[in-house]
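What follows is query-v8.txt (compact mmCIF, C-alpha atoms (C1' of nucleotides)).
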```txt
# COMPACT_ATOMS: atom_id res chain seq x y z
CA MET A 1 -53.94 -110.95 -47.11
CA ALA A 2 -57.63 -111.53 -47.66
CA ARG A 3 -59.86 -108.56 -48.36
CA ARG A 4 -61.53 -107.14 -45.34
CA PRO A 5 -65.15 -106.21 -45.12
CA SER A 6 -65.64 -102.48 -44.90
CA ALA A 7 -66.19 -102.12 -41.18
CA LEU A 8 -62.98 -103.94 -40.43
CA THR A 9 -61.02 -101.88 -42.94
CA ARG A 10 -62.31 -98.72 -41.38
CA GLU A 11 -61.36 -99.96 -37.97
CA ALA A 12 -57.89 -100.90 -39.18
CA ILE A 13 -57.46 -97.40 -40.60
CA VAL A 14 -58.51 -95.85 -37.31
CA ASP A 15 -56.11 -98.03 -35.36
CA ALA A 16 -53.21 -97.33 -37.70
CA ALA A 17 -53.90 -93.60 -37.80
CA THR A 18 -54.17 -93.37 -34.03
CA ALA A 19 -50.86 -95.13 -33.54
CA LEU A 20 -48.98 -93.25 -36.24
CA PHE A 21 -50.30 -89.77 -35.49
CA ALA A 22 -49.59 -90.30 -31.81
CA GLU A 23 -46.10 -91.57 -32.49
CA ARG A 24 -44.89 -89.24 -35.25
CA GLY A 25 -47.27 -86.30 -35.26
CA TYR A 26 -49.49 -84.82 -37.92
CA ALA A 27 -47.03 -83.49 -40.48
CA ALA A 28 -44.70 -86.47 -40.37
CA THR A 29 -47.49 -88.99 -40.95
CA GLY A 30 -48.64 -89.47 -44.52
CA VAL A 31 -51.85 -90.94 -45.81
CA ARG A 32 -49.65 -93.53 -47.50
CA ASP A 33 -48.12 -94.55 -44.18
CA ILE A 34 -51.51 -94.98 -42.62
CA ALA A 35 -52.78 -97.01 -45.54
CA ALA A 36 -49.74 -99.28 -45.46
CA ALA A 37 -50.02 -99.84 -41.71
CA ALA A 38 -53.69 -100.70 -42.13
CA SER A 39 -52.92 -103.08 -45.01
CA THR A 40 -55.04 -101.07 -47.38
CA ASP A 41 -54.41 -98.18 -49.77
CA PRO A 42 -54.48 -94.38 -49.67
CA ALA A 43 -57.63 -94.02 -51.74
CA LEU A 44 -59.66 -95.92 -49.17
CA VAL A 45 -58.39 -93.77 -46.36
CA ILE A 46 -59.61 -90.62 -48.07
CA ARG A 47 -62.83 -92.28 -49.16
CA HIS A 48 -63.74 -93.22 -45.62
CA PHE A 49 -62.74 -90.03 -43.84
CA GLY A 50 -62.77 -87.26 -46.43
CA SER A 51 -59.33 -85.87 -45.74
CA LYS A 52 -56.23 -86.36 -43.65
CA GLU A 53 -57.24 -83.55 -41.35
CA LEU A 54 -60.69 -85.02 -40.70
CA LEU A 55 -59.12 -88.38 -39.98
CA PHE A 56 -56.76 -86.70 -37.55
CA LEU A 57 -59.59 -84.95 -35.76
CA ASP A 58 -61.55 -88.19 -35.72
CA THR A 59 -58.79 -90.19 -34.09
CA MET A 60 -57.01 -87.67 -31.87
CA ARG A 61 -59.55 -87.56 -29.11
CA PHE A 62 -58.79 -87.17 -25.46
CA SER A 63 -61.45 -87.86 -22.94
CA LEU A 64 -61.30 -87.96 -19.19
CA GLN A 65 -64.86 -89.27 -19.01
CA GLU A 66 -63.64 -92.85 -18.96
CA HIS A 67 -61.31 -92.18 -16.06
CA PRO A 68 -63.14 -91.85 -12.77
CA ILE A 69 -60.72 -89.21 -11.55
CA PHE A 70 -63.32 -86.62 -10.83
CA ASP A 71 -65.44 -88.99 -8.77
CA ALA A 72 -62.90 -88.78 -5.99
CA PRO A 73 -63.58 -86.63 -2.94
CA LEU A 74 -62.04 -83.19 -3.25
CA GLU A 75 -59.40 -84.13 -0.71
CA ALA A 76 -58.11 -86.92 -2.93
CA LEU A 77 -58.47 -85.08 -6.22
CA PRO A 78 -55.03 -83.44 -6.42
CA HIS A 79 -53.24 -86.73 -5.93
CA ARG A 80 -55.44 -88.51 -8.43
CA LEU A 81 -54.94 -85.85 -11.09
CA VAL A 82 -51.17 -85.81 -10.76
CA GLU A 83 -51.01 -89.60 -10.77
CA PHE A 84 -53.07 -89.65 -13.92
CA VAL A 85 -50.67 -87.32 -15.72
CA VAL A 86 -47.50 -89.03 -14.58
CA ASP A 87 -48.84 -92.47 -15.45
CA LEU A 88 -50.29 -91.38 -18.79
CA GLU A 89 -49.59 -94.01 -21.43
CA GLU A 90 -49.69 -94.29 -25.17
CA PRO A 91 -51.66 -93.53 -27.17
CA GLN A 92 -53.20 -90.90 -24.89
CA ARG A 93 -49.83 -89.31 -24.28
CA GLY A 94 -49.14 -89.09 -27.99
CA VAL A 95 -52.56 -87.64 -28.68
CA VAL A 96 -51.86 -84.56 -26.62
CA VAL A 97 -48.40 -84.15 -28.08
CA ALA A 98 -49.70 -84.54 -31.64
CA LEU A 99 -52.44 -81.97 -31.05
CA VAL A 100 -49.92 -79.50 -29.68
CA GLY A 101 -47.63 -80.08 -32.65
CA ALA A 102 -50.33 -79.55 -35.24
CA ARG A 103 -51.62 -76.42 -33.58
CA SER A 104 -50.91 -74.31 -36.67
CA GLU A 105 -53.98 -75.85 -38.30
CA PRO A 106 -56.83 -73.74 -36.98
CA ALA A 107 -59.25 -76.63 -36.56
CA ILE A 108 -56.67 -78.55 -34.58
CA ALA A 109 -55.84 -75.58 -32.37
CA GLU A 110 -59.53 -75.34 -31.62
CA ARG A 111 -59.64 -78.99 -30.63
CA LEU A 112 -56.70 -78.49 -28.29
CA HIS A 113 -58.43 -75.57 -26.67
CA GLU A 114 -61.66 -77.58 -26.33
CA ILE A 115 -59.86 -80.43 -24.62
CA HIS A 116 -58.25 -78.10 -22.13
CA GLU A 117 -61.57 -76.45 -21.45
CA GLN A 118 -63.80 -79.53 -21.31
CA ASP A 119 -61.53 -82.14 -19.78
CA PHE A 120 -59.52 -80.06 -17.33
CA VAL A 121 -61.05 -76.68 -16.55
CA ALA A 122 -64.74 -77.65 -16.56
CA PRO A 123 -64.53 -80.67 -14.22
CA LEU A 124 -62.43 -78.67 -11.79
CA LEU A 125 -64.85 -75.79 -11.92
CA ASP A 126 -67.64 -78.20 -10.97
CA ARG A 127 -65.87 -78.99 -7.74
CA LEU A 128 -64.89 -75.50 -6.66
CA HIS A 129 -67.12 -72.81 -5.23
CA GLY A 130 -66.96 -69.34 -3.86
CA GLU A 131 -64.98 -66.26 -4.68
CA GLY A 132 -62.36 -66.78 -7.35
CA ALA A 133 -63.39 -70.35 -8.11
CA GLU A 134 -62.95 -69.87 -11.83
CA LEU A 135 -59.45 -68.46 -11.53
CA ARG A 136 -58.47 -71.27 -9.18
CA ALA A 137 -59.83 -73.87 -11.58
CA ARG A 138 -57.91 -72.34 -14.46
CA LEU A 139 -54.72 -72.09 -12.45
CA ALA A 140 -55.04 -75.73 -11.45
CA ALA A 141 -55.62 -76.74 -15.06
CA VAL A 142 -52.48 -74.89 -16.10
CA LEU A 143 -50.53 -76.55 -13.33
CA VAL A 144 -51.59 -79.97 -14.52
CA ALA A 145 -50.98 -79.05 -18.15
CA GLY A 146 -47.52 -77.87 -17.19
CA LEU A 147 -46.65 -81.31 -15.95
CA ILE A 148 -47.87 -82.85 -19.19
CA TYR A 149 -45.81 -80.30 -21.07
CA GLY A 150 -42.68 -80.91 -19.02
CA LEU A 151 -42.85 -84.66 -19.11
CA TRP A 152 -44.14 -85.38 -22.57
CA VAL A 153 -43.65 -82.32 -24.76
CA VAL A 154 -40.32 -80.93 -23.63
CA GLY A 155 -39.29 -84.32 -22.36
CA ASP A 156 -37.55 -83.58 -19.07
CA GLU A 157 -36.79 -87.16 -18.13
CA ARG A 158 -34.88 -86.20 -15.04
CA LEU A 159 -38.11 -85.16 -13.39
CA LEU A 160 -38.56 -88.86 -12.81
CA ALA A 161 -35.00 -89.36 -11.57
CA ALA A 162 -36.03 -89.13 -7.93
CA GLY A 163 -38.70 -91.74 -8.51
CA ARG A 164 -42.27 -91.71 -9.71
CA ASP A 165 -43.78 -91.57 -6.22
CA GLU A 166 -41.59 -88.67 -5.15
CA LEU A 167 -42.61 -86.69 -8.23
CA VAL A 168 -46.28 -87.44 -7.64
CA ASP A 169 -46.07 -86.38 -4.01
CA ARG A 170 -44.19 -83.16 -4.65
CA TYR A 171 -46.42 -82.05 -7.48
CA THR A 172 -49.53 -82.97 -5.53
CA ALA A 173 -48.30 -80.70 -2.76
CA LEU A 174 -48.23 -77.84 -5.25
CA LEU A 175 -51.70 -78.48 -6.55
CA ARG A 176 -53.45 -79.19 -3.25
CA PRO A 177 -53.62 -75.67 -1.77
CA LEU A 178 -55.19 -74.43 -4.95
CA LEU A 179 -58.04 -76.91 -4.79
CA LEU A 180 -58.56 -77.16 -1.04
CA SER A 181 -58.34 -73.60 0.22
CA THR A 182 -60.05 -70.42 -0.79
CA MET B 1 -36.83 -51.01 -54.62
CA ALA B 2 -33.09 -50.51 -54.84
CA ARG B 3 -30.88 -53.54 -54.53
CA ARG B 4 -29.54 -54.12 -51.09
CA PRO B 5 -25.97 -54.94 -50.27
CA SER B 6 -25.56 -58.44 -48.93
CA ALA B 7 -25.43 -57.73 -45.24
CA LEU B 8 -28.68 -55.85 -45.37
CA THR B 9 -30.37 -58.58 -47.38
CA ARG B 10 -29.29 -61.16 -44.89
CA GLU B 11 -30.60 -59.03 -42.09
CA ALA B 12 -33.89 -58.53 -43.89
CA ILE B 13 -34.22 -62.28 -44.29
CA VAL B 14 -33.57 -62.81 -40.61
CA ASP B 15 -36.14 -60.20 -39.64
CA ALA B 16 -38.76 -61.59 -41.99
CA ALA B 17 -38.13 -65.18 -40.94
CA THR B 18 -38.28 -64.31 -37.27
CA ALA B 19 -41.59 -62.54 -37.67
CA LEU B 20 -43.20 -65.15 -39.91
CA PHE B 21 -42.03 -68.24 -38.06
CA ALA B 22 -43.12 -66.68 -34.78
CA GLU B 23 -46.49 -65.71 -36.18
CA ARG B 24 -47.44 -68.75 -38.27
CA GLY B 25 -45.12 -71.53 -37.18
CA TYR B 26 -42.66 -73.68 -39.03
CA ALA B 27 -44.84 -75.74 -41.36
CA ALA B 28 -47.10 -72.88 -42.37
CA THR B 29 -44.24 -70.58 -43.34
CA GLY B 30 -42.67 -71.14 -46.76
CA VAL B 31 -39.32 -70.06 -48.03
CA ARG B 32 -41.23 -68.07 -50.65
CA ASP B 33 -43.15 -66.19 -47.96
CA ILE B 34 -39.96 -65.28 -46.20
CA ALA B 35 -38.32 -64.12 -49.42
CA ALA B 36 -41.31 -61.98 -50.33
CA ALA B 37 -41.45 -60.36 -46.90
CA ALA B 38 -37.73 -59.59 -47.13
CA SER B 39 -38.15 -58.15 -50.64
CA THR B 40 -35.81 -60.72 -52.07
CA ASP B 41 -36.20 -64.16 -53.58
CA PRO B 42 -36.21 -67.78 -52.42
CA ALA B 43 -32.84 -68.65 -53.91
CA LEU B 44 -31.08 -66.10 -51.74
CA VAL B 45 -32.73 -67.40 -48.62
CA ILE B 46 -31.37 -70.89 -49.24
CA ARG B 47 -28.03 -69.55 -50.37
CA HIS B 48 -27.52 -67.63 -47.18
CA PHE B 49 -28.75 -70.21 -44.70
CA GLY B 50 -28.47 -73.59 -46.38
CA SER B 51 -32.00 -74.79 -45.71
CA LYS B 52 -35.30 -73.76 -44.22
CA GLU B 53 -34.60 -75.79 -41.10
CA LEU B 54 -31.22 -74.14 -40.53
CA LEU B 55 -32.80 -70.74 -40.97
CA PHE B 56 -35.43 -71.69 -38.44
CA LEU B 57 -32.83 -72.81 -35.92
CA ASP B 58 -30.84 -69.66 -36.59
CA THR B 59 -33.73 -67.32 -35.91
CA MET B 60 -35.78 -69.11 -33.28
CA ARG B 61 -33.57 -68.42 -30.31
CA PHE B 62 -34.73 -67.77 -26.82
CA SER B 63 -32.37 -66.37 -24.29
CA LEU B 64 -32.95 -65.22 -20.76
CA GLN B 65 -29.43 -63.89 -20.51
CA GLU B 66 -30.54 -60.45 -21.59
CA HIS B 67 -33.23 -60.26 -18.94
CA PRO B 68 -31.81 -59.63 -15.49
CA ILE B 69 -34.42 -61.84 -13.89
CA PHE B 70 -31.98 -64.10 -12.19
CA ASP B 71 -30.08 -61.21 -10.64
CA ALA B 72 -32.93 -60.66 -8.22
CA PRO B 73 -32.64 -61.89 -4.64
CA LEU B 74 -34.17 -65.29 -4.15
CA GLU B 75 -37.09 -63.76 -2.30
CA ALA B 76 -38.06 -61.70 -5.33
CA LEU B 77 -37.34 -64.36 -7.92
CA PRO B 78 -40.75 -66.06 -8.06
CA HIS B 79 -42.56 -62.80 -8.70
CA ARG B 80 -40.05 -61.76 -11.35
CA LEU B 81 -40.27 -65.05 -13.18
CA VAL B 82 -44.05 -65.07 -13.30
CA GLU B 83 -44.14 -61.45 -14.38
CA PHE B 84 -41.73 -62.24 -17.16
CA VAL B 85 -43.92 -65.02 -18.51
CA VAL B 86 -47.19 -63.13 -18.27
CA ASP B 87 -45.72 -60.04 -19.91
CA LEU B 88 -43.90 -61.98 -22.61
CA GLU B 89 -44.22 -60.21 -25.94
CA GLU B 90 -43.67 -60.96 -29.58
CA PRO B 91 -41.52 -62.21 -31.04
CA GLN B 92 -40.28 -64.10 -27.95
CA ARG B 93 -43.72 -65.48 -27.31
CA GLY B 94 -44.00 -66.76 -30.86
CA VAL B 95 -40.54 -68.28 -30.73
CA VAL B 96 -41.51 -70.65 -27.96
CA VAL B 97 -44.79 -71.53 -29.60
CA ALA B 98 -43.11 -72.16 -32.96
CA LEU B 99 -40.49 -74.40 -31.35
CA VAL B 100 -43.18 -76.41 -29.60
CA GLY B 101 -45.14 -76.74 -32.82
CA ALA B 102 -42.20 -77.96 -34.87
CA ARG B 103 -41.16 -80.47 -32.27
CA SER B 104 -41.56 -83.37 -34.70
CA GLU B 105 -38.31 -82.32 -36.38
CA PRO B 106 -35.65 -83.95 -34.22
CA ALA B 107 -33.23 -81.02 -34.37
CA ILE B 108 -35.98 -78.64 -33.29
CA ALA B 109 -37.08 -80.89 -30.45
CA GLU B 110 -33.51 -80.87 -29.26
CA ARG B 111 -33.43 -77.08 -29.33
CA LEU B 112 -36.63 -76.92 -27.29
CA HIS B 113 -35.14 -79.26 -24.74
CA GLU B 114 -31.94 -77.19 -24.60
CA ILE B 115 -33.87 -74.00 -23.97
CA HIS B 116 -35.80 -75.56 -21.15
CA GLU B 117 -32.61 -76.90 -19.65
CA GLN B 118 -30.36 -73.86 -20.13
CA ASP B 119 -32.76 -70.96 -19.66
CA PHE B 120 -35.07 -72.32 -16.98
CA VAL B 121 -33.69 -75.31 -15.11
CA ALA B 122 -30.02 -74.32 -14.96
CA PRO B 123 -30.45 -70.76 -13.60
CA LEU B 124 -32.85 -72.04 -10.97
CA LEU B 125 -30.49 -74.80 -10.00
CA ASP B 126 -27.79 -72.18 -9.46
CA ARG B 127 -29.91 -70.54 -6.82
CA LEU B 128 -31.07 -73.60 -4.92
CA HIS B 129 -29.08 -75.72 -2.55
CA GLY B 130 -29.45 -78.66 -0.27
CA GLU B 131 -31.38 -81.88 -0.41
CA GLY B 132 -33.66 -82.21 -3.40
CA ALA B 133 -32.47 -78.98 -5.02
CA GLU B 134 -32.50 -80.50 -8.48
CA LEU B 135 -36.02 -81.82 -8.21
CA ARG B 136 -37.20 -78.48 -6.86
CA ALA B 137 -35.55 -76.63 -9.74
CA ARG B 138 -37.14 -78.94 -12.27
CA LEU B 139 -40.55 -78.68 -10.66
CA ALA B 140 -40.27 -74.89 -10.69
CA ALA B 141 -39.27 -74.92 -14.34
CA VAL B 142 -42.30 -77.05 -15.18
CA LEU B 143 -44.53 -74.72 -13.22
CA VAL B 144 -43.28 -71.74 -15.20
CA ALA B 145 -43.47 -73.64 -18.47
CA GLY B 146 -47.05 -74.59 -17.64
CA LEU B 147 -48.01 -70.95 -17.53
CA ILE B 148 -46.38 -70.34 -20.89
CA TYR B 149 -48.23 -73.36 -22.22
CA GLY B 150 -51.59 -72.28 -20.80
CA LEU B 151 -51.35 -68.68 -21.91
CA TRP B 152 -49.64 -68.93 -25.26
CA VAL B 153 -49.93 -72.48 -26.57
CA VAL B 154 -53.40 -73.57 -25.48
CA GLY B 155 -54.53 -69.98 -25.34
CA ASP B 156 -56.64 -69.79 -22.21
CA GLU B 157 -57.44 -66.10 -22.40
CA ARG B 158 -59.71 -66.20 -19.39
CA LEU B 159 -56.71 -66.67 -17.16
CA LEU B 160 -56.28 -62.94 -17.59
CA ALA B 161 -59.93 -62.17 -16.96
CA ALA B 162 -59.36 -61.36 -13.30
CA GLY B 163 -56.60 -58.97 -14.28
CA ARG B 164 -52.91 -59.28 -14.99
CA ASP B 165 -51.85 -58.41 -11.46
CA GLU B 166 -54.17 -60.92 -9.88
CA LEU B 167 -52.84 -63.67 -12.13
CA VAL B 168 -49.24 -62.75 -11.36
CA ASP B 169 -49.90 -62.74 -7.62
CA ARG B 170 -51.75 -66.02 -7.57
CA TYR B 171 -49.22 -67.86 -9.67
CA THR B 172 -46.33 -66.38 -7.72
CA ALA B 173 -47.92 -67.80 -4.58
CA LEU B 174 -47.77 -71.25 -6.16
CA LEU B 175 -44.15 -70.92 -7.17
CA ARG B 176 -42.80 -69.28 -4.04
CA PRO B 177 -42.85 -72.24 -1.61
CA LEU B 178 -40.92 -74.30 -4.12
CA LEU B 179 -38.08 -71.82 -4.32
CA LEU B 180 -38.00 -70.52 -0.77
CA SER B 181 -38.46 -73.59 1.40
CA THR B 182 -36.68 -76.90 1.54
C1' DG C 1 -66.31 -102.06 -51.80
C1' DT C 2 -61.58 -102.27 -53.39
C1' DC C 3 -57.44 -101.00 -55.66
C1' DT C 4 -54.30 -99.14 -59.65
C1' DA C 5 -52.79 -95.31 -61.66
C1' DT C 6 -52.31 -90.64 -61.86
C1' DA C 7 -53.72 -85.91 -61.60
C1' DG C 8 -52.57 -81.55 -59.61
C1' DC C 9 -50.37 -78.94 -56.54
C1' DG C 10 -46.92 -76.88 -53.68
C1' DA C 11 -42.83 -77.50 -51.39
C1' DG C 12 -37.58 -76.94 -50.88
C1' DA C 13 -33.68 -76.58 -53.36
C1' DT C 14 -30.55 -75.66 -57.63
C1' DA C 15 -28.37 -73.98 -62.16
C1' DG C 16 -26.61 -70.54 -64.44
C1' DA C 17 -27.15 -65.84 -66.64
C1' DC C 18 -26.07 -61.24 -65.21
C1' DG D 1 -24.04 -60.87 -54.86
C1' DT D 2 -28.48 -61.17 -57.14
C1' DC D 3 -32.33 -63.09 -59.48
C1' DT D 4 -35.05 -65.86 -63.19
C1' DA D 5 -36.34 -70.07 -64.35
C1' DT D 6 -36.68 -74.63 -63.31
C1' DC D 7 -35.93 -79.24 -61.26
C1' DT D 8 -37.37 -82.84 -58.41
C1' DC D 9 -39.78 -84.69 -54.97
C1' DG D 10 -43.53 -85.58 -51.86
C1' DC D 11 -47.94 -84.78 -50.68
C1' DT D 12 -53.30 -85.13 -50.79
C1' DA D 13 -56.93 -86.29 -53.44
C1' DT D 14 -59.45 -88.25 -57.52
C1' DA D 15 -60.89 -91.03 -61.64
C1' DG D 16 -62.17 -95.13 -63.16
C1' DA D 17 -61.40 -100.29 -63.88
C1' DC D 18 -62.71 -104.38 -61.45
```

As structure tokens - that is how I would like this structure written.
Amino acid sequence: MARRPSALTREAIVDAATALFAERGYAATGVRDIAAAASTDPALVIRHFGSKELLFLDTMRFSLQEHPIFDAPLEALPHRLVEFVVDLEEPQRGVVVALVGARSEPAIAERLHEIHEQDFVAPLLDRLHGEGAELRARLAAVLVAGLIYGLWVVGDERLLAAGRDELVDRYTALLRPLLLST
Amino acid sequence: MARRPSALTREAIVDAATALFAERGYAATGVRDIAAAASTDPALVIRHFGSKELLFLDTMRFSLQEHPIFDAPLEALPHRLVEFVVDLEEPQRGVVVALVGARSEPAIAERLHEIHEQDFVAPLLDRLHGEGAELRARLAAVLVAGLIYGLWVVGDERLLAAGRDELVDRYTALLRPLLLST
DNA sequence: GTCTATAGCGAGATAGAC
DNA sequence: GTCTATCTCGCTATAGAC
């Protein structure tokens, strides 16, 4: 294969790292694996990103900014949130799982905490007001996180046995009172 | 220190491994660390348990059989379950977190799945009947697991800011309709 | 910028004396 | 049963030729 210009090599490394970290996790993915998948070599990977951990933190991002979930009226929000989780696809699904799995690295634990805070708690807190709004936002975030945990971390596949729509409806019914009442 | 007879050494290894795995996780705990904490040496650890992974699986057990939670009448069950999770102490708390963190080892992922199935889903399923009982049991298990995840994996300490009792009451209110209605 | 070769470390696991 | 010494392997990261 022809030599790539630098920007393309860097991009290939990012793509390979994202896919491999998401698929196998932090510990099980070596710098060698990433280099091979990007058709380059381990030295370049370190040269571009400094270390495996920095590369991990650079690629394992999770942002809800791109999804217009929180634009929905409050009435529709529970359904939208649950749908988002149930329909979550790779690599986003793997990103969360990989971050959870590498939680024993302090910097990675911090990232996981940040994501929970910034992408789940904070947007919910924006939409809730009055007495106990913060607790309700945090409870709702935990509820949503629980579904992620059940589906993608523990891997309870039978949750989907009754059908995707049924699961979405039932879980929405659990979340709704938390967001719509005081 | 005097030399221990075998049974005591084995017990010391189990105690040390339980504490260290629960505190630091699988990857961050070495066989050497365990041996040192048990006042013995790495060779004995392997000799007694075969490998680090087998030792992990031997020590990281989580059983709800000892807790009489599921003896409670159905009406009281939601409150009991939530209380149990919120009041979870070491090393049980660390066991769950360590299992989640080492999920990239297939045998450990399987154990995590087993625990979810046997200690949460199955006892709930025993208590529920009628149409959709299985889905309700699985939803309830996810709800409970979500609280474990939020409190002990992600580490949202502010959930407890309003007070332990308030958290228990609010989360119980979320779980109750799932277990008590059709 | 790129790649070959390897340094340096730490891990889990083992051999064999006592 | 116990422990010292060591083996072997895999990893990240680096040095240096091109």

Kindly provide the residues of chain D that approach chain A to within 10 Å, each paired with its closest atom pair and their distance in Å to one decimal, based on all atoms listed in the file, listed by chain and increasing number, as a tab-separated table.
```
residue	atom	partner	partner_atom	distance
D:DG10	C1'	A:Gly30	CA	9.8
D:DC11	C1'	A:Gly30	CA	7.8
D:DT12	C1'	A:Val31	CA	7.8
D:DA13	C1'	A:Ile46	CA	7.4
D:DT14	C1'	A:Ala43	CA	8.4
```

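Distance check against chain A using all atoms listed in the file: of B:His79, B:His48, B:Arg138, B:Arg61, the minimum falls on B:Arg138.
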
- Query: Counting all atoms listed in the file, which residues from chain B have an atom at most 8 Å from any atom of chain A, and could you show them as a ChimeraX atom specification?
  - Reply: /B:24-25,27-28,100-104,109,112-113,116,135,138-139,142-147,149-150,153-156,159,162,171,174

Set out as a Markdown table a contact list for chain C and chain A with a cut-off of 10 Å, giving each residue of chain C that qualifies its closest atom pair and distance in Å to one decimal, counting only C-alpha atoms (C1' of nucleotides), ordered by chain and rising residue number.
```
| residue | atom | partner | partner_atom | distance |
| --- | --- | --- | --- | --- |
| C:DG1 | C1' | A:Ser6 | CA | 6.9 |
| C:DT2 | C1' | A:Leu44 | CA | 7.9 |
| C:DC3 | C1' | A:Asp41 | CA | 7.2 |
| C:DT4 | C1' | A:Asp41 | CA | 9.9 |
```

- d(atom CA of B:Phe70, atom CA of B:Ser181) in Å: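 Taking atom CA of B:Phe70 as the start and atom CA of B:Ser181 as the end point, the length is 17.8 Å.
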
- Query: Which polymer residues have any atom within 12 Å of an atom of C:DA17, counting all atoms listed in the file, with same-chain residues fewer than 2 positions away left out, as a count of residues only?
  - Reply: 5

- Query: Could you state the separation of atom CA of B:Glu89 and atom CA of B:Phe62 in Å, given to one decimal place?
  - Reply: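 Atom CA of B:Phe62 lies 12.2 Å from atom CA of B:Glu89.
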
- Message: Report, in Å to a single decimal, how far apart atom CA of A:Ala122 and atom CA of B:Leu88 are.
- Response: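 Calculated distance between atom CA of B:Leu88 and atom CA of A:Ala122 is 26.8 Å.
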
Please provide as a PDB file with C-alpha atoms (C1' of nucleotides), in the coordinates of the input all residues within 12 Å of D:DC7, with the sequence filter that same-chain residues fewer than 5 positions apart are discarded (counting only C-alpha atoms (C1' of nucleotides)).
```pdb
ATOM      1  C1'  DG C  12     -37.580 -76.940 -50.880  1.00  0.00           C
ATOM      2  C1'  DA C  13     -33.680 -76.580 -53.360  1.00  0.00           C
ATOM      3  C1'  DT C  14     -30.550 -75.660 -57.630  1.00  0.00           C
ATOM      4  C1'  DA C  15     -28.370 -73.980 -62.160  1.00  0.00           C
TER       5       DA C  15
END
```

- Query: Looking at B:Val14, B:Leu57, B:Ala72, B:Leu179, which one is nearest to B:Ala107, with distances taken over all atoms listed in the file?
  - Reply: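 Using all atoms listed in the file, the shortest distance to B:Ala107 belongs to B:Leu57.
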
Could I see stretch 91-102 of chain B restored to N, CA, C and O atoms, set down as a PDB file, in the frame of the given file?
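Contents of selection-v3.pdb, as written:
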```
ATOM      1  N   PRO B  91     -41.377 -60.870 -30.468  1.00  0.00           N
ATOM      2  CA  PRO B  91     -41.520 -62.210 -31.040  1.00  0.00           C
ATOM      3  C   PRO B  91     -41.153 -63.349 -30.091  1.00  0.00           C
ATOM      4  O   PRO B  91     -41.315 -64.492 -30.464  1.00  0.00           O
ATOM      5  N   GLN B  92     -40.707 -63.045 -28.874  1.00  0.00           N
ATOM      6  CA  GLN B  92     -40.280 -64.100 -27.950  1.00  0.00           C
ATOM      7  C   GLN B  92     -41.392 -65.110 -27.697  1.00  0.00           C
ATOM      8  O   GLN B  92     -41.157 -66.317 -27.618  1.00  0.00           O
ATOM      9  N   ARG B  93     -42.589 -64.604 -27.564  1.00  0.00           N
ATOM     10  CA  ARG B  93     -43.720 -65.480 -27.310  1.00  0.00           C
ATOM     11  C   ARG B  93     -43.904 -66.464 -28.468  1.00  0.00           C
ATOM     12  O   ARG B  93     -44.072 -67.666 -28.276  1.00  0.00           O
ATOM     13  N   GLY B  94     -43.840 -65.926 -29.684  1.00  0.00           N
ATOM     14  CA  GLY B  94     -44.000 -66.760 -30.860  1.00  0.00           C
ATOM     15  C   GLY B  94     -42.868 -67.755 -31.053  1.00  0.00           C
ATOM     16  O   GLY B  94     -43.067 -68.835 -31.604  1.00  0.00           O
ATOM     17  N   VAL B  95     -41.694 -67.388 -30.603  1.00  0.00           N
ATOM     18  CA  VAL B  95     -40.540 -68.280 -30.730  1.00  0.00           C
ATOM     19  C   VAL B  95     -40.799 -69.595 -29.982  1.00  0.00           C
ATOM     20  O   VAL B  95     -40.620 -70.685 -30.520  1.00  0.00           O
ATOM     21  N   VAL B  96     -41.236 -69.455 -28.758  1.00  0.00           N
ATOM     22  CA  VAL B  96     -41.510 -70.650 -27.960  1.00  0.00           C
ATOM     23  C   VAL B  96     -42.613 -71.483 -28.605  1.00  0.00           C
ATOM     24  O   VAL B  96     -42.497 -72.706 -28.748  1.00  0.00           O
ATOM     25  N   VAL B  97     -43.665 -70.808 -29.006  1.00  0.00           N
ATOM     26  CA  VAL B  97     -44.790 -71.530 -29.600  1.00  0.00           C
ATOM     27  C   VAL B  97     -44.371 -72.229 -30.889  1.00  0.00           C
ATOM     28  O   VAL B  97     -44.748 -73.376 -31.136  1.00  0.00           O
ATOM     29  N   ALA B  98     -43.567 -71.555 -31.700  1.00  0.00           N
ATOM     30  CA  ALA B  98     -43.110 -72.160 -32.960  1.00  0.00           C
ATOM     31  C   ALA B  98     -42.228 -73.379 -32.687  1.00  0.00           C
ATOM     32  O   ALA B  98     -42.329 -74.402 -33.369  1.00  0.00           O
ATOM     33  N   LEU B  99     -41.361 -73.275 -31.691  1.00  0.00           N
ATOM     34  CA  LEU B  99     -40.490 -74.400 -31.350  1.00  0.00           C
ATOM     35  C   LEU B  99     -41.320 -75.594 -30.876  1.00  0.00           C
ATOM     36  O   LEU B  99     -41.054 -76.735 -31.265  1.00  0.00           O
ATOM     37  N   VAL B 100     -42.313 -75.327 -30.072  1.00  0.00           N
ATOM     38  CA  VAL B 100     -43.180 -76.410 -29.600  1.00  0.00           C
ATOM     39  C   VAL B 100     -43.894 -77.060 -30.772  1.00  0.00           C
ATOM     40  O   VAL B 100     -43.980 -78.289 -30.873  1.00  0.00           O
ATOM     41  N   GLY B 101     -44.358 -76.223 -31.692  1.00  0.00           N
ATOM     42  CA  GLY B 101     -45.140 -76.740 -32.820  1.00  0.00           C
ATOM     43  C   GLY B 101     -44.328 -77.545 -33.810  1.00  0.00           C
ATOM     44  O   GLY B 101     -44.857 -78.410 -34.487  1.00  0.00           O
ATOM     45  N   ALA B 102     -43.038 -77.258 -33.888  1.00  0.00           N
ATOM     46  CA  ALA B 102     -42.200 -77.960 -34.870  1.00  0.00           C
ATOM     47  C   ALA B 102     -41.400 -79.075 -34.220  1.00  0.00           C
ATOM     48  O   ALA B 102     -40.415 -79.554 -34.775  1.00  0.00           O
TER      49      ALA B 102
END
```
